[in-house]
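**Student:** Following this message is one structure expressed as structure tokens.
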Amino acid sequence: MSDAHVLVLVGSLRAESVNKQIAETAVTVAPAGAEIVVYDGLGDVPFYNEDIDVEGSVPVAALALRAAAEKASALLMVTPEYNGTIPAVLKNAIDWLSRPYGAGAMVGKPVVVISASPSGNGAKWAHEDTSKAVRIAGGSVLEDVQLSIGGTIDKFGSAHPSENAEVAGEIGHVVAELVKASNDLVSA
């Protein structure tokens, strides 16, 4: 039995995004007992602004994101690559979760990044930038658990990533390792 509660943040707002489908696949391949929740609301979170990040002024959407991350025992970031880097919506979420500095909602929590793109690069630059931002925000990136999926158009076509046994297995492995790290942290 697992006590893991993994919050999944997706760097694409598009309804039919491959990255969103990868997040959905993570839910279906999770180990028994693990709760995997794909956060739906990043598009409502305003850009981080220290002027509104004060008690009584924090926007409701930012408070909801922080509450979801605080409840989580681990985080999974799923990101495409926009212009060679992390999408603004995911970076913005990390910015909100990094505050207050040193005590943000992801401090000390295990985090894994999955990146995916149509290019053969597999969004590796976005993967690296996301990992870097998460580390600076205080998250504990599992460096030995990485997944970059390239060639998504050729690999999936119109099929859902969960229908690709190899990719679903890779996602399952990543999620299992994240859940294990979460459980190890809880039992420590």
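Each chain in the structure tokens gets a letter, A, B and so on, in the order shown; residues start at 1 in every chain, and ligands are counted from 1 in the order they appear.
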Run DSSP on the backbone and give me the residues of range 139-180 of chain A it puts in strand (DSSP E), as a list of chain:residue names.

**Tutor:** A:Ser140, A:Val141, A:Leu147, A:Ser148, A:Ile149

**Student:** Excluding range 7-11 of chain A and residues on its chain fewer than 2 positions from it, collect all residues at most 8 Å away from it, counting only C-alpha atoms, and give them as JSON, numbers by chain.

**Tutor:** {"A": [5, 13, 19, 20, 23, 36, 37, 38, 39, 42, 68, 69, 72, 73, 74, 75, 76, 77, 78, 79, 80, 86, 87, 88, 89, 90]}

**Student:** Would you kindly return, as a ChimeraX atom specification, each protein, DNA or RNA residue with an atom no farther than 7 Å from any atom of Val141 in chain A, considering only C-alpha atoms and excluding same-chain residues fewer than 2 positions away?

**Tutor:** /A:110-112,131,135,139,143

**Student:** Write to file, as an mmCIF file, in the first residue's frame, the residues of the selection just made, with C-alpha atoms.

**Tutor:**
```cif
data_model
loop_
_atom_site.group_PDB
_atom_site.id
_atom_site.type_symbol
_atom_site.label_atom_id
_atom_site.label_comp_id
_atom_site.auth_asym_id
_atom_site.auth_seq_id
_atom_site.Cartn_x
_atom_site.Cartn_y
_atom_site.Cartn_z
ATOM 1 C CA PRO A 110 10.578 14.394 -4.877
ATOM 2 C CA VAL A 111 9.996 15.642 -8.416
ATOM 3 C CA VAL A 112 10.325 13.932 -11.796
ATOM 4 C CA SER A 131 14.610 20.448 -13.681
ATOM 5 C CA ARG A 135 15.802 22.472 -8.013
ATOM 6 C CA GLY A 139 12.171 20.473 -5.131
ATOM 7 C CA GLU A 143 18.203 12.930 -11.447
#
```

**Student:** Between A:Asp154, A:Asp129, A:Glu16, A:Glu35, single out the one closest to Lys71 in chain A, counting only C-alpha atoms.

**Tutor:**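 Closest residue, counting only C-alpha atoms: A:Glu35.
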
**Student:** Excluding same-chain residues fewer than 4 positions from Thr85 in chain A, what lies within 10 Å of it counting only C-alpha atoms, as a PyMOL selection string?

**Tutor:** chain A and resi 79-81+91+123-130

**Student:** May I have the residues from that selection written out with C-alpha atoms, as a compact mmCIF listing (two decimals), in the first residue's frame?

**Tutor:**
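Output file result_16.txt follows:
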```txt
# COMPACT_ATOMS: atom_id res chain seq x y z
CA THR A 79 6.39 19.44 -20.40
CA PRO A 80 6.54 20.17 -24.10
CA GLU A 81 9.21 22.51 -25.44
CA LYS A 91 7.42 28.09 -15.27
CA ALA A 123 12.03 18.49 -25.49
CA LYS A 124 15.31 17.85 -23.68
CA TRP A 125 16.03 21.57 -23.33
CA ALA A 126 12.67 22.12 -21.66
CA HIS A 127 13.39 19.06 -19.52
CA GLU A 128 16.70 20.55 -18.40
CA ASP A 129 15.21 24.00 -17.76
CA THR A 130 12.28 22.56 -15.82
```

**Student:** Neighbouring residues of Val18 in chain A were defined as those with any atom within 12 Å, considering only C-alpha atoms; residues of the same chain fewer than 4 positions away were excluded. Please report them as a ChimeraX atom specification.

**Tutor:** /A:10-14,22-25,78-81,114-118,149-153,155-162

**Student:** Go through A:Val113, A:Phe47, A:Gly120, A:Ala133 and flag the residue nearest Trp96 in chain A, using only C-alpha atoms for the distances.

**Tutor:** A:Phe47

**Student:** What does the distance from CA of Ala30 in chain A to CA of Ala176 in chain A come to in Å, to one decimal?

**Tutor:**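 Separating CA of Ala30 in chain A from CA of Ala176 in chain A is a distance of 6.5 Å.
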
**Student:** My list of candidates is A:Ala181, A:Ala93, A:Ala165, A:Ala62. Which is closest to Asp3 in chain A when distances are computed with only C-alpha atoms?

**Tutor:** A:Ala181
